[in-house]
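Undergrad: There's a structure below that I have some questions on.
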Amino acid sequence: MSKKNIAIFGSTGSIGIQALEVIEAHPDKFSVEVLTAGVNADLLIEQALKFRPNAVVIADESKYESIKEVLFDKGIKVFAGAKAMVEVASWSSIDMMLAAIMGFAGLAPTLAAIEQGTPIALANKETLVVAGDIVMGTARKRNVPVIPVDSEHSAIFQCLMGESSAKVEKMILTASGGPFLGKKTNFLINVKKDHALQHPNWRMGPKITIDSATLMNKGLEMIEARWLFNIDPDKIEVVIHPQSIIHSLVQFVDGSMKAQMGLPDMKLPIQFALGYPTRLENDFPRFSFRNYSNLTFEQPDTKTFRNLGIAIEAMLKGGNAACVMNAANEEVVHAFLKNRIGFLQMTDVIEEIMGKVPFIEKPTLHDYYESDLAAREHANNMINAIII
């Protein structure tokens, strides 16, 4: 493979940090063209000094001068603000964008890169949850590859290689079950953020870790899969697999199944996406059956973990339903991490918001932005009224 200029949108988050580790291990395969961050100016500066990108972008405009002071005389361009994120995403010098900005904020830069014709390594599931019809429709129109980075979707992508999508009977996303697998409501009512952030298998950022604890993450992944693979929602299922060794499965019309397996390490799907279509060598730890005498599976408990059921309903309903759900979820998770709302109250707020924002069957991109804003306003009003 020829050397790729990579733009990492969200370089200071968990995925971005691990992506830079992959790039550092393959200096002959990758170079860093752009790094972007939300608010973590110190780490962005540290990364820029090490990897010497053409440019960096900080979303928080108040951090612009401090970053420019350090990087300007190093020949690294410095930009700030949401508008700059979108403009830099459109650069033709980028060979691949790793879309790893957390949440709704990743939508506009990812769309801009697709419009430019830049291949996407997609780690921001919310982009497809919010506006998957528009994003994937634009990618197909522009003939732009969208390679998934989520371990589950990377697994399905790999299982589909050499297969006809028309022969898929079912896609099965695996879920670890998070830190509260088997727990019931009387336990969850007292859960605090420190406990919820202790994921048993994966090293992730706080937002996605909380989503994993509530099973919302798996609901978001179902919606992502629906758009990413252009599959009917009723062909997507979830199974709890606590060991996180089988990352997902595909069942075909003849009843046969393919599964992709490996140790839970996000650097593997990151490397696969960045290197695609070439499989690159690495020295990551290898899975051995000697260390896993049992791989177990069970059905998710949607009565206790109601977020998964809410997400499935939003996926089946379509329109702007998933956009509204995602916005409400982002706000309640932020509030939970600030100790402003209880663990189970997150679901209560999301459920109520789903009925407050008007449903739009065939939303435009503008409709998605308006729905997102309305859901956040309703959610914050409810959060402010909650006393815990």
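Naming works like this for the structure tokens: A, B, ... for the chains as they're shown, residue 1 at the start of each chain, ligands 1 onward in shown order.
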Among segment 112-236 of chain A, which residues does DSSP mark as strand (DSSP E) when it is run on the backbone? Keep the chain and numbering as in the structure and answer as a list in words.
TA: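 Output for segment 112-236 of chain A, strand (DSSP E) only: Ile120, Ala121, Leu122, Val146, Ile147, Pro148, Val168, Glu169, Lys170, Met171, Ile172, Leu173, Thr174, Ala175 and Ile236 of chain A.
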Undergrad: How would the residues just picked look written out with N, CA and C atoms as an mmCIF file, in the first residue's frame?
TA:
data_model
loop_
_atom_site.group_PDB
_atom_site.id
_atom_site.type_symbol
_atom_site.label_atom_id
_atom_site.label_comp_id
_atom_site.auth_asym_id
_atom_site.auth_seq_id
_atom_site.Cartn_x
_atom_site.Cartn_y
_atom_site.Cartn_z
ATOM 1 N N ILE A 120 -13.455 7.403 4.601
ATOM 2 C CA ILE A 120 -13.705 7.609 6.020
ATOM 3 C C ILE A 120 -13.443 6.325 6.798
ATOM 4 N N ALA A 121 -12.660 6.444 7.872
ATOM 5 C CA ALA A 121 -12.594 5.387 8.888
ATOM 6 C C ALA A 121 -13.509 5.862 10.007
ATOM 7 N N LEU A 122 -14.668 5.242 10.127
ATOM 8 C CA LEU A 122 -15.735 5.786 10.969
ATOM 9 C C LEU A 122 -15.711 5.202 12.374
ATOM 10 N N VAL A 146 -16.655 3.969 3.317
ATOM 11 C CA VAL A 146 -16.818 4.233 4.748
ATOM 12 C C VAL A 146 -16.482 2.929 5.466
ATOM 13 N N ILE A 147 -15.313 2.896 6.098
ATOM 14 C CA ILE A 147 -14.815 1.688 6.743
ATOM 15 C C ILE A 147 -15.055 1.797 8.248
ATOM 16 N N PRO A 148 -15.808 0.889 8.836
ATOM 17 C CA PRO A 148 -16.127 1.011 10.263
ATOM 18 C C PRO A 148 -14.940 0.732 11.167
ATOM 19 N N VAL A 168 -27.517 -12.182 3.092
ATOM 20 C CA VAL A 168 -27.460 -12.056 4.558
ATOM 21 C C VAL A 168 -28.854 -12.245 5.135
ATOM 22 N N GLU A 169 -28.966 -13.153 6.079
ATOM 23 C CA GLU A 169 -30.237 -13.391 6.754
ATOM 24 C C GLU A 169 -30.325 -12.616 8.066
ATOM 25 N N LYS A 170 -29.172 -12.439 8.712
ATOM 26 C CA LYS A 170 -29.189 -11.810 10.027
ATOM 27 C C LYS A 170 -27.790 -11.292 10.360
ATOM 28 N N MET A 171 -27.724 -10.137 11.030
ATOM 29 C CA MET A 171 -26.491 -9.634 11.609
ATOM 30 C C MET A 171 -26.652 -9.638 13.121
ATOM 31 N N ILE A 172 -25.682 -10.179 13.814
ATOM 32 C CA ILE A 172 -25.768 -10.310 15.264
ATOM 33 C C ILE A 172 -24.612 -9.536 15.892
ATOM 34 N N LEU A 173 -24.961 -8.454 16.593
ATOM 35 C CA LEU A 173 -23.972 -7.662 17.303
ATOM 36 C C LEU A 173 -23.789 -8.233 18.706
ATOM 37 N N THR A 174 -22.560 -8.440 19.100
ATOM 38 C CA THR A 174 -22.306 -8.923 20.451
ATOM 39 C C THR A 174 -22.098 -7.750 21.398
ATOM 40 N N ALA A 175 -22.486 -7.952 22.653
ATOM 41 C CA ALA A 175 -22.331 -6.937 23.695
ATOM 42 C C ALA A 175 -21.749 -7.588 24.936
ATOM 43 N N ILE A 236 -31.362 -7.237 12.329
ATOM 44 C CA ILE A 236 -30.263 -6.927 13.244
ATOM 45 C C ILE A 236 -30.643 -7.363 14.650
#
Undergrad: Find the nearest atom pair between each residue of segment 18-132 of chain A and segment 280-287 of chain A for residues within 12 Å, count only C-alpha atoms, give distances in Å to one decimal, sort rows by chain and ascending number, and present the table as a tab-separated table.
TA:
residue	atom	partner	partner_atom	distance
A:Glu21	CA	A:Asn282	CA	11.5
A:Val22	CA	A:Asn282	CA	9.0
A:Ile23	CA	A:Leu280	CA	11.3
A:Glu24	CA	A:Asn282	CA	11.7
A:Ala25	CA	A:Asn282	CA	8.2
A:His26	CA	A:Leu280	CA	8.8
A:Asp28	CA	A:Leu280	CA	11.5
A:Lys29	CA	A:Leu280	CA	9.3
A:Phe30	CA	A:Leu280	CA	11.6
Undergrad: Using only C-alpha atoms, find each residue in segment 263-308 of chain A having at least one atom no more than 10 Å away from segment 347-370 of chain A; report its shortest atom-to-atom pair and that distance in Å (one decimal), rows by chain then rising number, as a tab-separated table.
TA:
residue	atom	partner	partner_atom	distance
A:Phe305	CA	A:Thr347	CA	8.6
A:Arg306	CA	A:Thr347	CA	6.9
A:Asn307	CA	A:Thr347	CA	6.1
A:Leu308	CA	A:Thr347	CA	9.9
Undergrad: Write a file of the selected residues as a PDB file, in the first residue's frame, keeping N, CA, C and O atoms.
TA:
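So the final result, stored in part.pdb, reads:
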ATOM      1  N   PHE A 305     -32.581  -2.866  31.388  1.00  0.00           N
ATOM      2  CA  PHE A 305     -31.786  -1.903  30.615  1.00  0.00           C
ATOM      3  C   PHE A 305     -32.651  -1.399  29.458  1.00  0.00           C
ATOM      4  O   PHE A 305     -32.511  -1.837  28.316  1.00  0.00           O
ATOM      5  N   ARG A 306     -33.549  -0.462  29.792  1.00  0.00           N
ATOM      6  CA  ARG A 306     -34.575  -0.042  28.847  1.00  0.00           C
ATOM      7  C   ARG A 306     -34.037   0.772  27.678  1.00  0.00           C
ATOM      8  O   ARG A 306     -34.701   0.922  26.660  1.00  0.00           O
ATOM      9  N   ASN A 307     -32.818   1.310  27.812  1.00  0.00           N
ATOM     10  CA  ASN A 307     -32.253   2.096  26.711  1.00  0.00           C
ATOM     11  C   ASN A 307     -32.159   1.302  25.418  1.00  0.00           C
ATOM     12  O   ASN A 307     -32.359   1.837  24.335  1.00  0.00           O
ATOM     13  N   LEU A 308     -31.842   0.020  25.528  1.00  0.00           N
ATOM     14  CA  LEU A 308     -31.731  -0.796  24.325  1.00  0.00           C
ATOM     15  C   LEU A 308     -33.081  -0.898  23.629  1.00  0.00           C
ATOM     16  O   LEU A 308     -33.172  -0.790  22.407  1.00  0.00           O
TER      17      LEU A 308
END
Undergrad: Excluding Met96 of chain A and residues on its chain fewer than 5 positions from it, collect all residues at most 8 Å away from it, counting only C-alpha atoms, and give them as an MDAnalysis selection string.
TA: chainID A and resid 4:7 118:121 274
Undergrad: Would you mind exporting the chosen residues as an mmCIF file, in the first residue's frame, restricted to C-alpha atoms?
TA:
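The resulting again13.cif:
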data_model
loop_
_atom_site.group_PDB
_atom_site.id
_atom_site.type_symbol
_atom_site.label_atom_id
_atom_site.label_comp_id
_atom_site.auth_asym_id
_atom_site.auth_seq_id
_atom_site.Cartn_x
_atom_site.Cartn_y
_atom_site.Cartn_z
ATOM 1 C CA LYS A 4 -1.545 7.548 3.467
ATOM 2 C CA ASN A 5 -1.945 11.046 4.893
ATOM 3 C CA ILE A 6 -4.330 10.578 7.823
ATOM 4 C CA ALA A 7 -6.524 13.230 9.425
ATOM 5 C CA THR A 118 -12.132 11.405 1.163
ATOM 6 C CA PRO A 119 -12.410 7.814 2.452
ATOM 7 C CA ILE A 120 -13.705 7.609 6.020
ATOM 8 C CA ALA A 121 -12.594 5.387 8.888
ATOM 9 C CA LEU A 274 -6.588 2.704 8.315
#
Undergrad: Using only C-alpha atoms, which residues sit within 8 Å of Trp202 of chain A once same-chain residues fewer than 3 positions away are excluded, as number ranges by chain?
TA: A: 199, 264-266
Undergrad: Fewer than 2 positions away in the same chain doesn't count, so skip those; otherwise give me all residues within 8 Å of Ala273 of chain A, counting only C-alpha atoms, as a PyMOL selection string.
TA: chain A and resi 121+147-149+154+269-271+275-276
Undergrad: Report the residues of segment 107-282 of chain A whose backbone DSSP state falls under alpha helix (DSSP H), written as a count of residues only.
TA: 76
Undergrad: Given only C-alpha atoms as the basis, pick out the residue of A:Lys83, A:Lys74, A:Lys317, A:Arg226 nearest to Val129 of chain A.
TA: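 Closest candidate: A:Arg226.
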Undergrad: Could you check the closest approach to Leu295 of chain A for each of A:Pro242, A:Pro277, A:Gly318, A:Gly13 and tell me which residue wins, using only C-alpha atoms?
TA: A:Pro242
Undergrad: Would you give me, as JSON lines, each residue of segment 106-215 of chain A having an atom within 9 Å of an atom of segment 336-345 of chain A, along with its shortest atom pair and that distance in Å to one decimal, using only C-alpha atoms and sorting by chain and residue number?
TA:
{"residue": "A:Thr185", "atom": "CA", "partner": "A:Leu344", "partner_atom": "CA", "distance": 8.0}
{"residue": "A:Leu188", "atom": "CA", "partner": "A:Phe343", "partner_atom": "CA", "distance": 6.8}
{"residue": "A:Ile189", "atom": "CA", "partner": "A:Leu344", "partner_atom": "CA", "distance": 5.9}
{"residue": "A:Asn190", "atom": "CA", "partner": "A:Phe343", "partner_atom": "CA", "distance": 7.5}
{"residue": "A:Val191", "atom": "CA", "partner": "A:Phe343", "partner_atom": "CA", "distance": 6.1}
{"residue": "A:Lys192", "atom": "CA", "partner": "A:Phe343", "partner_atom": "CA", "distance": 7.0}
{"residue": "A:Lys193", "atom": "CA", "partner": "A:Leu337", "partner_atom": "CA", "distance": 6.0}
{"residue": "A:Asp194", "atom": "CA", "partner": "A:Leu337", "partner_atom": "CA", "distance": 8.9}
{"residue": "A:Ala196", "atom": "CA", "partner": "A:Phe343", "partner_atom": "CA", "distance": 8.7}
{"residue": "A:Pro206", "atom": "CA", "partner": "A:Leu337", "partner_atom": "CA", "distance": 8.1}
{"residue": "A:Lys207", "atom": "CA", "partner": "A:Leu337", "partner_atom": "CA", "distance": 8.3}
{"residue": "A:Ile210", "atom": "CA", "partner": "A:Leu337", "partner_atom": "CA", "distance": 8.5}
{"residue": "A:Thr214", "atom": "CA", "partner": "A:Phe343", "partner_atom": "CA", "distance": 8.2}
Undergrad: Output the selection as an mmCIF file, in the first residue's frame - N, CA, C and O atoms for each residue.
TA:
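Writing the result to result27.cif gives the following:
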data_model
loop_
_atom_site.group_PDB
_atom_site.id
_atom_site.type_symbol
_atom_site.label_atom_id
_atom_site.label_comp_id
_atom_site.auth_asym_id
_atom_site.auth_seq_id
_atom_site.Cartn_x
_atom_site.Cartn_y
_atom_site.Cartn_z
ATOM 1 N N THR A 185 -33.000 -3.532 38.800
ATOM 2 C CA THR A 185 -33.306 -2.132 39.054
ATOM 3 C C THR A 185 -32.963 -1.701 40.476
ATOM 4 O O THR A 185 -32.445 -0.593 40.693
ATOM 5 N N LEU A 188 -29.341 -0.876 40.425
ATOM 6 C CA LEU A 188 -28.941 0.210 39.534
ATOM 7 C C LEU A 188 -29.360 1.578 40.039
ATOM 8 O O LEU A 188 -28.740 2.590 39.688
ATOM 9 N N ILE A 189 -30.388 1.622 40.873
ATOM 10 C CA ILE A 189 -30.871 2.919 41.346
ATOM 11 C C ILE A 189 -29.814 3.656 42.172
ATOM 12 O O ILE A 189 -29.818 4.884 42.257
ATOM 13 N N ASN A 190 -28.880 2.920 42.728
ATOM 14 C CA ASN A 190 -27.846 3.531 43.572
ATOM 15 C C ASN A 190 -26.483 3.646 42.885
ATOM 16 O O ASN A 190 -25.496 4.027 43.521
ATOM 17 N N VAL A 191 -26.414 3.318 41.594
ATOM 18 C CA VAL A 191 -25.136 3.325 40.885
ATOM 19 C C VAL A 191 -24.597 4.751 40.727
ATOM 20 O O VAL A 191 -25.340 5.675 40.396
ATOM 21 N N LYS A 192 -23.300 4.909 40.967
ATOM 22 C CA LYS A 192 -22.624 6.188 40.770
ATOM 23 C C LYS A 192 -21.662 6.076 39.579
ATOM 24 O O LYS A 192 -21.343 4.990 39.103
ATOM 25 N N LYS A 193 -21.171 7.239 39.118
ATOM 26 C CA LYS A 193 -20.381 7.259 37.887
ATOM 27 C C LYS A 193 -19.089 6.448 37.995
ATOM 28 O O LYS A 193 -18.670 5.812 37.023
ATOM 29 N N ASP A 194 -18.437 6.461 39.162
ATOM 30 C CA ASP A 194 -17.170 5.739 39.295
ATOM 31 C C ASP A 194 -17.345 4.249 39.038
ATOM 32 O O ASP A 194 -16.475 3.608 38.436
ATOM 33 N N ALA A 196 -19.898 2.948 37.226
ATOM 34 C CA ALA A 196 -20.339 2.796 35.840
ATOM 35 C C ALA A 196 -19.184 2.922 34.844
ATOM 36 O O ALA A 196 -19.263 2.410 33.723
ATOM 37 N N PRO A 206 -15.157 8.184 28.577
ATOM 38 C CA PRO A 206 -16.249 8.133 29.557
ATOM 39 C C PRO A 206 -17.637 8.058 28.953
ATOM 40 O O PRO A 206 -18.496 7.329 29.468
ATOM 41 N N LYS A 207 -17.893 8.770 27.880
ATOM 42 C CA LYS A 207 -19.248 8.783 27.318
ATOM 43 C C LYS A 207 -19.640 7.406 26.807
ATOM 44 O O LYS A 207 -20.708 6.868 27.135
ATOM 45 N N ILE A 210 -20.221 4.875 29.678
ATOM 46 C CA ILE A 210 -21.545 4.978 30.300
ATOM 47 C C ILE A 210 -22.609 4.396 29.383
ATOM 48 O O ILE A 210 -23.519 3.679 29.833
ATOM 49 N N THR A 214 -25.365 1.313 30.217
ATOM 50 C CA THR A 214 -26.832 1.401 30.096
ATOM 51 C C THR A 214 -27.375 0.565 28.936
ATOM 52 O O THR A 214 -28.583 0.471 28.763
#
